[in-house]
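Here is the structure we will look at, set down as structure tokens.
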Amino acid sequence: MYLTIEDKRISYSIKKAGSNKAIIFLHGSGGTSNTWKNQVNLDIGYDIISFDLPSHGKSSEYLELSLDLYIEVLNHLIRSLNYEEVVLCGHSLGGAIIQSYYYLYPKRIKALILIGTGGRLRVSPVILDSLKSDYHEFLKALPNGAFNISTSADIINDYVKETSTVRPNVTFKDFSICDTFDTLEKTSSINIPCLIIVGKSDKLTPIKYSEFFHNKIENSDLHIIDDAGHMVMLEKPVEVNNKIKSFFTNRL
Ligand code: COA
């Protein structure tokens, strides 16, 4: 399905549960909605929505990408779908977008799910340089940087293939947006239920970032998942889905 915004189209999918509640999933830097392929069939009584950010996946190309644009697109989606209750789930850059959205419109959101993300997301210059100069090098380093050592080659290869469909300058822009993202001072103002999930061996957003969330957000649950890295929802889908289900049952 597509959401039309002026002359652009944003690709999204909905799996209906027949309720007036929805959870919206946002992917990370250089990703697509396919990142959530193991979550789209979650049975939690909420419509399950995932979408491709501008210039990613099947969404239209935009000339300029920014955090503001991503927030604006999310806002269009939320307003056009008009649900009574919305839960946002974001991974990495997607986590930065949903935090920012919450700070702008706290009353519109019922709960946040923060997966492999942080309130500040500084990016190593090595990553930014390789994205600028040699995308092939970046893709080659991705398995080691984003996955746990024991994760199967099939899962890793699928993800690398997905990222290779995103243009290098788009992924570079995503990481640049992360690099300047810093809302650590606002984290303690989050006062809706939050589920925080991180892979134990996450190198891109170390567990310290999630522990920070948990310490600052009063109404939060933290789960550190064994044998998983930054792409925890692809690496350990059953565990992640069980945590999400329990959160919906116990907290919402
Ligand atoms: N939550 C809690 N603490 C955080 C944080 C977060 N989201 N982000 C940074 N910090 C902490 C750091 O742990 C560090 O604490 P310390 O001084 O006690 O060690 C401090 O804030 C400063 O860290 P940072 O802002 O990251 O600057 P830096 O110059 O120390 O490091 C990098 C810069 C890029 C080397 C580092 O951020 C890094 O290794 N990042 C992870 C790899 C990466 O590129 N990830 C991509 C994210 S999308």
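Note on naming: chains are A, B, ... as they come in the structure tokens, residues start from 1 per chain, ligands start from 1 in the order shown.
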
Original post:
What lies within 8 Å of region 165-176 of chain A using only C-alpha atoms, ignoring chain neighbours under 2 positions off, as a PyMOL selection string?
Top reply: chain A and resi 29-31+55-57+65-66+93+123+128+131-132+135+161-163+178-180

Same residues, N, CA and C atoms, saved as an mmCIF file, in the first residue's frame:
data_model
loop_
_atom_site.group_PDB
_atom_site.id
_atom_site.type_symbol
_atom_site.label_atom_id
_atom_site.label_comp_id
_atom_site.auth_asym_id
_atom_site.auth_seq_id
_atom_site.Cartn_x
_atom_site.Cartn_y
_atom_site.Cartn_z
ATOM 1 N N SER A 29 19.086 2.548 9.906
ATOM 2 C CA SER A 29 19.896 3.117 8.826
ATOM 3 C C SER A 29 20.148 2.096 7.716
ATOM 4 N N GLY A 30 19.910 2.515 6.488
ATOM 5 C CA GLY A 30 20.187 1.649 5.345
ATOM 6 C C GLY A 30 19.330 0.399 5.306
ATOM 7 N N GLY A 31 18.213 0.408 6.022
ATOM 8 C CA GLY A 31 17.336 -0.768 6.056
ATOM 9 C C GLY A 31 16.070 -0.547 5.248
ATOM 10 N N SER A 55 13.138 7.257 0.309
ATOM 11 C CA SER A 55 14.347 6.798 -0.416
ATOM 12 C C SER A 55 14.806 5.401 -0.009
ATOM 13 N N HIS A 56 13.991 4.671 0.738
ATOM 14 C CA HIS A 56 14.322 3.295 1.125
ATOM 15 C C HIS A 56 13.243 2.361 0.568
ATOM 16 N N GLY A 57 13.640 1.126 0.275
ATOM 17 C CA GLY A 57 12.670 0.120 -0.156
ATOM 18 C C GLY A 57 11.841 0.607 -1.325
ATOM 19 N N LEU A 65 17.232 14.213 2.638
ATOM 20 C CA LEU A 65 16.755 13.411 3.765
ATOM 21 C C LEU A 65 17.167 14.084 5.067
ATOM 22 N N SER A 66 16.300 14.001 6.061
ATOM 23 C CA SER A 66 16.624 14.594 7.364
ATOM 24 C C SER A 66 15.769 13.914 8.424
ATOM 25 N N LEU A 93 18.248 3.877 14.047
ATOM 26 C CA LEU A 93 17.745 5.177 13.571
ATOM 27 C C LEU A 93 16.230 5.275 13.788
ATOM 28 N N VAL A 123 28.334 8.069 15.674
ATOM 29 C CA VAL A 123 28.771 7.034 14.729
ATOM 30 C C VAL A 123 30.286 7.099 14.537
ATOM 31 N N LEU A 128 31.448 6.067 8.824
ATOM 32 C CA LEU A 128 31.078 7.182 7.935
ATOM 33 C C LEU A 128 32.032 7.247 6.733
ATOM 34 N N LEU A 131 31.354 4.448 4.265
ATOM 35 C CA LEU A 131 30.116 4.703 3.532
ATOM 36 C C LEU A 131 30.341 5.716 2.420
ATOM 37 N N LYS A 132 31.214 6.649 2.671
ATOM 38 C CA LYS A 132 31.479 7.703 1.695
ATOM 39 C C LYS A 132 32.363 7.208 0.565
ATOM 40 N N TYR A 135 31.292 1.680 -0.578
ATOM 41 C CA TYR A 135 30.096 1.016 -0.034
ATOM 42 C C TYR A 135 30.320 -0.495 0.084
ATOM 43 N N LYS A 161 21.921 -8.225 1.749
ATOM 44 C CA LYS A 161 21.276 -8.058 0.440
ATOM 45 C C LYS A 161 20.273 -6.895 0.494
ATOM 46 N N GLU A 162 19.518 -6.856 1.594
ATOM 47 C CA GLU A 162 18.516 -5.785 1.766
ATOM 48 C C GLU A 162 19.208 -4.406 1.787
ATOM 49 N N THR A 163 20.286 -4.311 2.577
ATOM 50 C CA THR A 163 20.994 -3.028 2.681
ATOM 51 C C THR A 163 21.628 -2.631 1.353
ATOM 52 N N CYS A 178 22.017 9.930 12.594
ATOM 53 C CA CYS A 178 22.286 9.292 13.900
ATOM 54 C C CYS A 178 23.402 10.040 14.623
ATOM 55 N N ASP A 179 24.456 10.365 13.874
ATOM 56 C CA ASP A 179 25.654 10.951 14.474
ATOM 57 C C ASP A 179 25.346 12.258 15.217
ATOM 58 N N THR A 180 24.352 12.990 14.750
ATOM 59 C CA THR A 180 24.036 14.273 15.408
ATOM 60 C C THR A 180 22.847 14.152 16.362
#

**OP:** Kindly work out which residues sit at most 10 Å from ligand 1, using only C-alpha atoms and all ligand atoms, and give the list as a count of residues only.
**Re:** 48

**OP:** Run DSSP on the backbone of this structure and report the residues of region 45-240 of chain A it assigns to helix (DSSP H, G or I), as a VMD selection string.
**Re:** chain A and resid 67 to 81 93 to 104 106 to 108 125 to 133 135 to 146 153 to 164 168 to 180 184 to 189 207 to 216 232 to 235 237 to 240

**OP:** Could you check which of A:Ile78, A:Ile149, A:Leu252, A:Val160 is closest to Gly229 (chain A), using only C-alpha atoms?
**Re:** A:Ile149

**OP:** Please provide the set of residues having any atom within 12 Å of Thr4 (chain A), restricted to only C-alpha atoms, with same-chain residues fewer than 5 positions apart removed, written as an MDAnalysis selection string.
**Re:** chainID A and resid 9:12 54 59:60 73 76:77 80

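Minimum atom-to-atom distance to Asp68 (chain A), evaluated using only C-alpha atoms, belongs to A:Ser100 out of A:Lys37, A:Ala17, A:Glu85, A:Ser100.
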
Closest-contact table, region 174-198 of chain A side, partner region 103-109 of chain A, 10 Å, counting only C-alpha atoms, as a Markdown table:
| residue | atom | partner | partner_atom | distance |
| --- | --- | --- | --- | --- |
| A:Thr183 | CA | A:Tyr103 | CA | 9.5 |
| A:Lys186 | CA | A:Tyr103 | CA | 8.2 |
| A:Thr187 | CA | A:Tyr103 | CA | 9.3 |
| A:Ser189 | CA | A:Tyr103 | CA | 8.6 |
| A:Ile190 | CA | A:Tyr103 | CA | 8.0 |
| A:Asn191 | CA | A:Pro106 | CA | 8.8 |
| A:Ile192 | CA | A:Ile109 | CA | 8.1 |
| A:Pro193 | CA | A:Ile109 | CA | 9.9 |

Could you write out that same residue set with N, CA and C atoms as an mmCIF file, in the first residue's frame?
data_model
loop_
_atom_site.group_PDB
_atom_site.id
_atom_site.type_symbol
_atom_site.label_atom_id
_atom_site.label_comp_id
_atom_site.auth_asym_id
_atom_site.auth_seq_id
_atom_site.Cartn_x
_atom_site.Cartn_y
_atom_site.Cartn_z
ATOM 1 N N THR A 183 19.473 13.178 22.524
ATOM 2 C CA THR A 183 18.344 13.633 23.340
ATOM 3 C C THR A 183 18.481 13.089 24.770
ATOM 4 N N LYS A 186 16.632 14.575 27.619
ATOM 5 C CA LYS A 186 15.160 14.509 27.676
ATOM 6 C C LYS A 186 14.653 13.141 28.093
ATOM 7 N N THR A 187 15.554 12.154 28.117
ATOM 8 C CA THR A 187 15.084 10.771 28.286
ATOM 9 C C THR A 187 14.200 10.607 29.527
ATOM 10 N N SER A 189 12.119 12.417 30.752
ATOM 11 C CA SER A 189 10.755 12.971 30.648
ATOM 12 C C SER A 189 9.784 11.986 29.984
ATOM 13 N N ILE A 190 10.300 10.862 29.516
ATOM 14 C CA ILE A 190 9.405 9.872 28.880
ATOM 15 C C ILE A 190 8.551 9.230 29.977
ATOM 16 N N ASN A 191 7.235 9.418 29.883
ATOM 17 C CA ASN A 191 6.410 8.871 30.959
ATOM 18 C C ASN A 191 5.257 7.998 30.465
ATOM 19 N N ILE A 192 5.572 7.257 29.392
ATOM 20 C CA ILE A 192 4.642 6.221 28.929
ATOM 21 C C ILE A 192 5.389 4.876 29.048
ATOM 22 N N PRO A 193 4.655 3.755 28.997
ATOM 23 C CA PRO A 193 5.345 2.470 29.098
ATOM 24 C C PRO A 193 6.358 2.290 27.965
#

Subject >> Distance query Ala228 (chain A) at most 10 Å, only C-alpha atoms, self and fewer than 2 positions along chain excluded, as JSON, numbers by chain >> reply: {"A": [146, 147, 148, 149, 150, 151, 198, 199, 200, 201, 202, 224, 225, 226, 230, 231, 232, 233, 234, 235, 236]}

What would the file look like if the residues just selected were written as a PDB file, in the first residue's frame with C-alpha atoms?
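Wrote again.pdb, looks like this:
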ATOM      1  CA  ALA A 146      25.838  -5.721  13.149  1.00  0.00           C
ATOM      2  CA  PHE A 147      25.491  -9.400  14.060  1.00  0.00           C
ATOM      3  CA  ASN A 148      26.497 -11.788  16.809  1.00  0.00           C
ATOM      4  CA  ILE A 149      29.231 -14.228  15.852  1.00  0.00           C
ATOM      5  CA  SER A 150      26.886 -17.259  16.107  1.00  0.00           C
ATOM      6  CA  THR A 151      24.141 -15.830  13.874  1.00  0.00           C
ATOM      7  CA  VAL A 198      19.076  -5.016  23.036  1.00  0.00           C
ATOM      8  CA  GLY A 199      21.326  -7.829  21.870  1.00  0.00           C
ATOM      9  CA  LYS A 200      23.986  -8.664  24.449  1.00  0.00           C
ATOM     10  CA  SER A 201      26.794  -8.335  21.892  1.00  0.00           C
ATOM     11  CA  ASP A 202      25.450  -5.226  20.127  1.00  0.00           C
ATOM     12  CA  ILE A 224      19.111  -8.059  27.102  1.00  0.00           C
ATOM     13  CA  ILE A 225      18.992 -10.918  24.613  1.00  0.00           C
ATOM     14  CA  ASP A 226      21.792 -13.507  24.613  1.00  0.00           C
ATOM     15  CA  HIS A 230      22.550  -5.088  16.729  1.00  0.00           C
ATOM     16  CA  MET A 231      20.038  -6.889  14.480  1.00  0.00           C
ATOM     17  CA  VAL A 232      18.439  -8.657  17.447  1.00  0.00           C
ATOM     18  CA  MET A 233      14.926  -8.848  15.932  1.00  0.00           C
ATOM     19  CA  LEU A 234      16.335 -10.764  12.951  1.00  0.00           C
ATOM     20  CA  GLU A 235      18.768 -12.805  15.017  1.00  0.00           C
ATOM     21  CA  LYS A 236      16.429 -13.843  17.844  1.00  0.00           C
TER      22      LYS A 236
END

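On the backbone of this structure, DSSP gives strand (DSSP E) within region 41-119 of chain A to A:Asp47, A:Ile48, A:Ile49, A:Ser50, A:Phe51, A:Glu85, A:Val86, A:Val87, A:Leu88, A:Cys89, A:Gly90, A:His91, A:Ala111, A:Leu112, A:Ile113, A:Leu114, A:Ile115.
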
**OP:** Give me, please, the distance in Å between CA of Asn215 (chain A) and CA of Ile196 (chain A), quoted to one decimal.
**Re:** 11.1 Å
